[in-house]
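Below is the file structure_27.cif, which contains mmCIF, C-alpha atoms.
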```
data_entry
loop_
_atom_site.label_atom_id
_atom_site.label_comp_id
_atom_site.auth_asym_id
_atom_site.auth_seq_id
_atom_site.Cartn_x
_atom_site.Cartn_y
_atom_site.Cartn_z
CA MET W 1 47.73 16.21 5.98
CA PHE W 2 47.99 13.17 3.70
CA ASP W 3 49.97 12.43 0.56
CA VAL W 4 47.58 12.58 -2.42
CA ASP W 5 50.03 10.60 -4.59
CA ALA W 6 49.85 7.66 -2.16
CA LEU W 7 46.06 7.24 -2.54
CA THR W 8 44.63 4.29 -4.44
CA GLU W 9 42.24 4.79 -7.35
CA GLU W 10 39.26 3.96 -5.12
CA GLU W 11 40.41 6.44 -2.45
CA MET W 12 40.82 9.16 -5.10
CA ALA W 13 37.29 8.46 -6.34
CA LEU W 14 35.98 8.83 -2.80
CA VAL W 15 37.85 12.13 -2.33
CA HIS W 16 36.29 13.35 -5.59
CA VAL W 17 32.77 12.35 -4.47
CA PHE W 18 33.20 14.00 -1.05
CA SER W 19 34.52 17.28 -2.45
CA LYS W 20 31.51 18.22 -4.59
CA GLY W 21 28.67 18.75 -2.07
CA PRO W 22 25.20 17.32 -2.77
CA ARG W 23 25.13 14.97 -5.77
CA TRP W 24 22.60 12.71 -7.47
CA PHE W 25 22.85 9.04 -6.49
CA ALA W 26 20.92 6.05 -7.81
CA VAL W 27 19.03 4.26 -5.06
CA TYR W 28 18.29 0.57 -5.62
CA THR W 29 14.99 -0.48 -4.04
CA ARG W 30 13.21 -3.71 -3.28
CA PRO W 31 10.99 -4.85 -6.16
CA PHE W 32 7.88 -2.66 -6.55
CA HIS W 33 8.93 -0.33 -3.68
CA GLU W 34 9.96 2.68 -5.78
CA LYS W 35 6.86 4.79 -4.97
CA VAL W 36 6.97 3.95 -1.26
CA VAL W 37 10.66 4.88 -1.08
CA LYS W 38 10.03 8.09 -3.04
CA THR W 39 7.31 9.15 -0.61
CA ALA W 40 9.45 8.33 2.45
CA LEU W 41 12.52 10.18 1.12
CA THR W 42 10.44 13.20 0.14
CA LYS W 43 8.97 13.33 3.68
CA LYS W 44 12.55 13.43 4.98
CA GLY W 45 13.11 16.62 2.97
CA LEU W 46 15.27 15.09 0.25
CA GLU W 47 15.16 15.98 -3.45
CA VAL W 48 13.99 12.82 -5.23
CA PHE W 49 13.65 12.07 -8.95
CA PHE W 50 11.60 9.00 -9.85
CA PRO W 51 11.45 8.78 -13.67
CA THR W 52 8.35 7.10 -15.06
CA ARG W 53 6.91 6.46 -18.49
CA LEU W 54 3.46 5.73 -19.86
CA HIS W 55 2.83 2.15 -20.94
CA LEU W 56 -0.09 0.36 -22.57
CA ASP W 57 -0.75 -2.65 -20.33
CA TYR W 58 -2.33 -5.99 -21.18
CA ARG W 59 -5.84 -4.54 -20.56
CA ARG W 60 -5.07 -1.87 -23.20
CA LYS W 61 -5.10 0.76 -20.47
CA ILE W 62 -2.39 3.43 -20.21
CA VAL W 63 -0.52 3.13 -16.91
CA GLU W 64 2.47 4.87 -15.38
CA VAL W 65 5.44 2.54 -14.84
CA PRO W 66 9.00 3.11 -13.61
CA LEU W 67 11.43 3.97 -16.38
CA PHE W 68 14.14 2.01 -14.54
CA ARG W 69 12.61 -0.75 -12.45
CA ASN W 70 13.87 -0.77 -8.81
CA TYR W 71 15.71 2.58 -9.20
CA LEU W 72 15.14 6.18 -8.29
CA PHE W 73 17.51 9.09 -7.75
CA VAL W 74 18.16 11.19 -4.67
CA ARG W 75 20.24 14.35 -4.34
CA VAL W 76 22.19 14.22 -1.11
CA GLU W 77 25.62 15.01 0.29
CA ILE W 78 27.61 11.84 0.68
CA LYS W 79 28.18 10.52 4.21
CA SER W 80 25.97 13.25 5.73
CA PRO W 81 23.26 12.36 8.28
CA LEU W 82 20.70 12.58 5.44
CA TYR W 83 22.73 10.07 3.41
CA TYR W 84 22.44 7.55 6.25
CA GLN W 85 18.69 8.29 6.49
CA VAL W 86 18.43 7.27 2.82
CA LEU W 87 20.07 3.93 3.61
CA ASP W 88 17.78 3.43 6.63
CA THR W 89 14.59 4.03 4.62
CA PRO W 90 12.33 0.96 4.43
CA GLY W 91 12.46 -0.49 0.92
CA VAL W 92 15.97 0.81 0.13
CA VAL W 93 18.46 -1.93 -0.64
CA THR W 94 21.54 0.20 -1.33
CA VAL W 95 22.96 3.24 -3.06
CA LEU W 96 24.72 2.21 -6.27
CA ASN W 97 28.42 1.85 -5.48
CA LYS W 98 31.71 0.37 -6.62
CA HIS W 99 33.86 -1.28 -3.97
CA GLY W 100 31.75 0.44 -1.30
CA ILE W 101 32.21 3.92 -2.81
CA PRO W 102 28.87 5.50 -3.81
CA ILE W 103 28.84 6.44 -7.50
CA PRO W 104 27.26 9.83 -8.26
CA ALA W 105 25.27 10.40 -11.45
CA GLU W 106 26.33 13.31 -13.64
CA ASP W 107 24.10 16.37 -13.25
CA GLU W 108 23.79 16.68 -17.05
CA GLU W 109 22.55 13.09 -17.34
CA ILE W 110 19.85 13.70 -14.72
CA LYS W 111 18.92 17.05 -16.31
CA SER W 112 18.57 15.44 -19.76
CA LEU W 113 16.57 12.54 -18.33
CA LYS W 114 14.21 14.98 -16.58
CA ILE W 115 13.64 16.87 -19.85
CA LEU W 116 12.89 13.61 -21.67
CA VAL W 117 10.49 12.37 -19.00
CA GLN W 118 8.67 15.71 -18.74
CA GLN W 119 8.28 16.25 -22.48
CA ALA W 120 7.92 12.76 -23.97
CA ARG W 121 6.80 10.24 -21.32
CA ASP W 122 4.51 8.51 -23.79
CA LYS W 123 7.22 8.04 -26.44
CA ILE W 124 10.30 6.85 -24.57
CA VAL W 125 11.42 3.23 -24.56
CA PRO W 126 14.01 1.87 -22.10
CA LEU W 127 17.06 0.22 -23.69
CA PRO W 128 20.29 -1.39 -22.50
CA SER W 129 23.33 0.91 -22.35
CA ILE W 130 24.58 2.10 -25.74
CA LYS W 131 28.22 3.08 -26.23
CA LYS W 132 28.62 3.93 -29.91
CA GLY W 133 27.42 6.87 -32.04
CA GLU W 134 27.71 10.60 -32.03
CA LYS W 135 26.95 12.69 -28.97
CA VAL W 136 24.45 15.47 -29.71
CA ILE W 137 22.43 18.21 -28.04
CA VAL W 138 18.84 19.03 -28.98
CA ILE W 139 18.65 22.67 -30.10
CA LYS W 140 14.95 22.95 -30.99
CA GLY W 141 11.59 21.55 -29.98
CA PRO W 142 10.22 20.22 -26.68
CA LEU W 143 13.48 18.42 -25.79
CA LYS W 144 15.66 21.51 -26.25
CA GLY W 145 18.74 21.24 -24.03
CA ALA W 146 18.75 17.44 -23.70
CA GLN W 147 22.03 15.73 -24.59
CA GLY W 148 22.24 12.25 -26.04
CA VAL W 149 23.62 9.91 -28.66
CA ILE W 150 22.39 9.13 -32.16
CA VAL W 151 22.05 5.37 -32.57
CA GLY W 152 20.11 5.06 -35.79
CA VAL W 153 18.70 6.87 -38.79
CA ASP W 154 15.59 6.13 -40.79
CA GLN W 155 14.19 8.06 -43.74
CA GLU W 156 12.55 10.78 -41.65
CA ASN W 157 13.92 10.70 -38.12
CA LEU W 158 17.02 10.08 -36.01
CA GLU W 159 16.89 7.71 -33.07
CA PHE W 160 17.96 9.90 -30.16
CA VAL W 161 19.13 8.23 -26.94
CA VAL W 162 19.77 9.64 -23.48
CA ASN W 163 22.28 7.28 -21.92
CA LEU W 164 22.40 6.97 -18.13
CA SER W 165 25.82 5.41 -17.72
CA LEU W 166 25.44 5.03 -13.96
CA LEU W 167 22.69 2.42 -14.36
CA GLY W 168 23.89 1.00 -17.66
CA ARG W 169 20.54 1.91 -19.18
CA SER W 170 19.22 4.27 -21.85
CA VAL W 171 15.97 5.67 -23.18
CA LYS W 172 15.24 6.19 -26.89
CA MET W 173 12.89 8.23 -29.05
CA LYS W 174 12.70 9.41 -32.64
CA ILE W 175 13.59 13.04 -33.26
CA ASN W 176 13.70 15.41 -36.22
CA PRO W 177 17.30 15.53 -37.60
CA GLU W 178 17.13 19.32 -37.85
CA TRP W 179 16.69 19.59 -34.09
CA VAL W 180 20.12 18.24 -33.08
CA ARG W 181 23.68 19.57 -33.18
CA ARG W 182 26.98 17.74 -32.60
CA LEU W 183 28.69 18.37 -29.28
#
```

As a first step, turn the structure in this file into C-alpha coordinates.
Amino acid sequence: MFDVDALTEEEMALVHVFSKGPRWFAVYTRPFHEKVVKTALTKKGLEVFFPTRLHLDYRRKIVEVPLFRNYLFVRVEIKSPLYYQVLDTPGVVTVLNKHGIPIPAEDEEIKSLKILVQQARDKIVPLPSIKKGEKVIVIKGPLKGAQGVIVGVDQENLEFVVNLSLLGRSVKMKINPEWVRRL
(Lines of atoms letter the chains of each structure in order from A and count residues from 1; the text may use other names and numbers.)
(Lines give C-alpha, C1' and ligand atoms only; values in the text may rest on other atoms or scores of the structure.)
Protein backbone atom coordinates (compact mmCIF):
# COMPACT_ATOMS: atom_id res chain seq x y z
CA MET A 1 0.00 0.00 0.00
CA PHE A 2 1.15 3.58 -0.57
CA ASP A 3 0.59 6.82 1.31
CA VAL A 4 -1.94 8.92 -0.63
CA ASP A 5 -0.85 12.09 1.19
CA ALA A 6 2.70 11.68 -0.15
CA LEU A 7 1.60 11.77 -3.82
CA THR A 8 2.34 14.79 -5.99
CA GLU A 9 -0.43 16.64 -7.81
CA GLU A 10 0.49 14.89 -11.08
CA GLU A 11 0.44 11.46 -9.41
CA MET A 12 -2.98 12.20 -7.89
CA ALA A 13 -4.27 13.19 -11.33
CA LEU A 14 -3.00 9.90 -12.74
CA VAL A 15 -4.68 7.92 -9.93
CA HIS A 16 -7.93 9.76 -10.71
CA VAL A 17 -7.67 8.95 -14.45
CA PHE A 18 -6.88 5.28 -13.78
CA SER A 19 -9.75 4.79 -11.34
CA LYS A 20 -12.63 5.68 -13.67
CA GLY A 21 -12.55 2.96 -16.37
CA PRO A 22 -12.96 3.91 -20.05
CA ARG A 23 -12.85 7.68 -20.64
CA TRP A 24 -12.88 10.02 -23.63
CA PHE A 25 -9.44 11.25 -24.70
CA ALA A 26 -8.50 13.76 -27.39
CA VAL A 27 -6.21 12.25 -29.99
CA TYR A 28 -3.93 14.65 -31.86
CA THR A 29 -3.31 13.52 -35.45
CA ARG A 30 -0.98 14.46 -38.25
CA PRO A 31 -2.43 17.20 -40.48
CA PHE A 32 -5.32 15.95 -42.64
CA HIS A 33 -5.17 12.42 -41.12
CA GLU A 34 -8.31 12.63 -38.97
CA LYS A 35 -10.47 10.42 -41.25
CA VAL A 36 -7.73 7.83 -41.75
CA VAL A 37 -7.16 7.61 -37.98
CA LYS A 38 -10.91 7.39 -37.34
CA THR A 39 -11.24 4.47 -39.75
CA ALA A 40 -8.22 2.66 -38.27
CA LEU A 41 -9.40 3.10 -34.66
CA THR A 42 -12.93 2.00 -35.53
CA LYS A 43 -11.53 -1.18 -37.17
CA LYS A 44 -9.73 -1.87 -33.88
CA GLY A 45 -13.11 -1.90 -32.12
CA LEU A 46 -12.76 1.45 -30.37
CA GLU A 47 -15.53 4.00 -29.87
CA VAL A 48 -14.48 7.08 -31.87
CA PHE A 49 -16.09 10.52 -32.12
CA PHE A 50 -14.90 12.71 -34.99
CA PRO A 51 -16.90 15.97 -34.88
CA THR A 52 -17.39 17.66 -38.23
CA ARG A 53 -19.27 20.68 -39.51
CA LEU A 54 -20.58 21.80 -42.87
CA HIS A 55 -18.63 24.58 -44.56
CA LEU A 56 -19.11 26.57 -47.77
CA ASP A 57 -15.77 26.29 -49.57
CA TYR A 58 -14.19 28.64 -52.10
CA ARG A 59 -16.09 26.91 -54.96
CA ARG A 60 -19.36 27.72 -53.13
CA LYS A 61 -19.86 24.01 -52.51
CA ILE A 62 -20.89 22.65 -49.11
CA VAL A 63 -18.22 20.31 -47.73
CA GLU A 64 -17.75 18.45 -44.46
CA VAL A 65 -14.70 19.65 -42.50
CA PRO A 66 -13.31 18.74 -39.07
CA LEU A 67 -14.73 20.85 -36.27
CA PHE A 68 -11.33 20.74 -34.53
CA ARG A 69 -8.55 20.34 -37.06
CA ASN A 70 -6.11 17.49 -36.19
CA TYR A 71 -8.29 16.19 -33.32
CA LEU A 72 -10.73 13.39 -32.73
CA PHE A 73 -11.90 11.63 -29.58
CA VAL A 74 -11.58 8.01 -28.54
CA ARG A 75 -13.15 6.25 -25.56
CA VAL A 76 -10.63 3.88 -24.05
CA GLU A 77 -9.35 2.70 -20.68
CA ILE A 78 -6.06 4.36 -19.90
CA LYS A 79 -2.90 2.24 -20.10
CA SER A 80 -4.86 -0.79 -21.40
CA PRO A 81 -3.63 -2.73 -24.46
CA LEU A 82 -6.20 -0.81 -26.55
CA TYR A 83 -4.75 2.49 -25.30
CA TYR A 84 -1.34 1.50 -26.65
CA GLN A 85 -2.97 0.44 -29.95
CA VAL A 86 -4.32 4.00 -30.22
CA LEU A 87 -0.80 5.39 -29.86
CA ASP A 88 0.53 2.89 -32.43
CA THR A 89 -2.07 3.84 -35.06
CA PRO A 90 -0.55 5.41 -38.19
CA GLY A 91 -1.35 9.13 -38.25
CA VAL A 92 -1.67 9.49 -34.45
CA VAL A 93 0.82 11.93 -32.96
CA THR A 94 -0.22 11.70 -29.30
CA VAL A 95 -3.05 11.63 -26.81
CA LEU A 96 -3.48 15.05 -25.23
CA ASN A 97 -1.58 15.04 -21.93
CA LYS A 98 -0.03 17.20 -19.24
CA HIS A 99 3.41 16.17 -18.00
CA GLY A 100 2.89 12.77 -19.63
CA ILE A 101 -0.46 12.16 -17.92
CA PRO A 102 -3.30 11.71 -20.44
CA ILE A 103 -6.09 14.24 -19.84
CA PRO A 104 -9.61 12.82 -20.14
CA ALA A 105 -12.47 14.90 -21.55
CA GLU A 106 -15.57 15.24 -19.40
CA ASP A 107 -18.41 12.96 -20.51
CA GLU A 108 -20.87 15.89 -20.37
CA GLU A 109 -18.68 17.96 -22.71
CA ILE A 110 -18.56 15.14 -25.27
CA LYS A 111 -22.31 14.50 -24.89
CA SER A 112 -23.10 18.19 -25.46
CA LEU A 113 -20.73 18.37 -28.43
CA LYS A 114 -22.38 15.29 -29.98
CA ILE A 115 -25.83 16.89 -29.61
CA LEU A 116 -24.59 20.10 -31.24
CA VAL A 117 -22.93 18.28 -34.14
CA GLN A 118 -25.93 16.01 -34.76
CA GLN A 119 -28.54 18.76 -34.63
CA ALA A 120 -26.81 21.86 -36.00
CA ARG A 121 -23.77 20.93 -38.11
CA ASP A 122 -24.56 23.64 -40.63
CA LYS A 123 -24.81 26.42 -38.01
CA ILE A 124 -21.85 25.90 -35.68
CA VAL A 125 -18.72 28.01 -35.83
CA PRO A 126 -15.48 27.04 -34.05
CA LEU A 127 -14.12 29.63 -31.60
CA PRO A 128 -11.19 29.92 -29.20
CA SER A 129 -11.89 28.89 -25.60
CA ILE A 130 -14.29 31.19 -23.75
CA LYS A 131 -14.14 31.49 -19.96
CA LYS A 132 -16.71 34.12 -18.98
CA GLY A 133 -20.53 34.12 -18.95
CA GLU A 134 -23.29 32.09 -17.44
CA LYS A 135 -23.43 28.33 -17.72
CA VAL A 136 -26.78 27.10 -19.09
CA ILE A 137 -28.60 23.98 -20.22
CA VAL A 138 -30.90 23.87 -23.23
CA ILE A 139 -34.38 22.77 -22.10
CA LYS A 140 -36.27 22.90 -25.41
CA GLY A 141 -35.71 22.44 -29.12
CA PRO A 142 -33.30 20.28 -31.13
CA LEU A 143 -30.37 20.92 -28.74
CA LYS A 144 -32.30 19.86 -25.63
CA GLY A 145 -29.87 18.55 -23.02
CA ALA A 146 -26.78 20.37 -24.29
CA GLN A 147 -24.91 22.44 -21.70
CA GLY A 148 -22.98 25.58 -22.55
CA VAL A 149 -22.20 29.19 -21.80
CA ILE A 150 -23.95 32.37 -22.91
CA VAL A 151 -21.40 34.74 -24.45
CA GLY A 152 -23.58 37.33 -26.11
CA VAL A 153 -27.09 38.65 -26.58
CA ASP A 154 -28.63 40.33 -29.58
CA GLN A 155 -32.21 41.55 -29.99
CA GLU A 156 -33.66 38.12 -30.81
CA ASN A 157 -31.18 35.41 -29.85
CA LEU A 158 -28.54 34.38 -27.32
CA GLU A 159 -25.13 33.25 -28.48
CA PHE A 160 -24.84 29.76 -26.99
CA VAL A 161 -21.39 28.16 -26.72
CA VAL A 162 -20.35 24.60 -25.95
CA ASN A 163 -16.86 24.91 -24.50
CA LEU A 164 -14.48 21.96 -24.81
CA SER A 165 -11.96 22.89 -22.16
CA LEU A 166 -9.69 19.95 -22.96
CA LEU A 167 -8.80 21.39 -26.38
CA GLY A 168 -9.16 25.03 -25.44
CA ARG A 169 -11.78 25.39 -28.16
CA SER A 170 -15.50 26.14 -28.39
CA VAL A 171 -18.36 26.07 -30.86
CA LYS A 172 -21.05 28.77 -31.06
CA MET A 173 -24.57 29.15 -32.40
CA LYS A 174 -27.54 31.45 -31.89
CA ILE A 175 -30.38 30.07 -29.79
CA ASN A 176 -33.81 31.23 -28.65
CA PRO A 177 -33.52 32.74 -25.11
CA GLU A 178 -36.61 30.83 -23.99
CA TRP A 179 -34.87 27.52 -24.63
CA VAL A 180 -32.16 27.84 -21.95
CA ARG A 181 -32.10 27.62 -18.15
CA ARG A 182 -29.31 28.54 -15.71
CA LEU A 183 -27.40 25.66 -14.18

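Taking CA of Lys61 (chain W) as the reference point, CA of Thr39 (chain W) is found at 24.9 Å.
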
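One distance worth recording is that between CA of Pro177 (chain W) and CA of Val149 (chain W), which is 12.3 Å.
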
task: Taking the file as shown, find all residues satisfying the PyMOL selection byres ((chain W and resi 98-108) around 7) and write them as an MDAnalysis selection string.
output: chainID W and resid 14 23:25 95:97 109:112 166

task: Could you tell me which residues the PyMOL selection byres ((chain W and resi 77-86) around 12) grabs in this file, written as JSON, numbers by chain?
output: {"W": [14, 15, 16, 17, 18, 19, 20, 21, 22, 23, 24, 25, 26, 27, 28, 29, 37, 38, 39, 40, 41, 42, 43, 44, 45, 46, 47, 48, 72, 73, 74, 75, 76, 87, 88, 89, 90, 91, 92, 93, 94, 95, 97, 101, 102, 103, 104]}

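With CA of Ile124 (chain W) on one side and CA of Met173 (chain W) on the other, the separation reads 5.4 Å.
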
task: Could you expand the PyMOL selection byres ((chain W and resi 134) around 9) into the explicit residues it covers here, written as a list in words?
output: Lys132, Gly133, Lys135, Val136, Gly148, Val149, Ile150, Val151, Arg182 and Leu183 of chain W
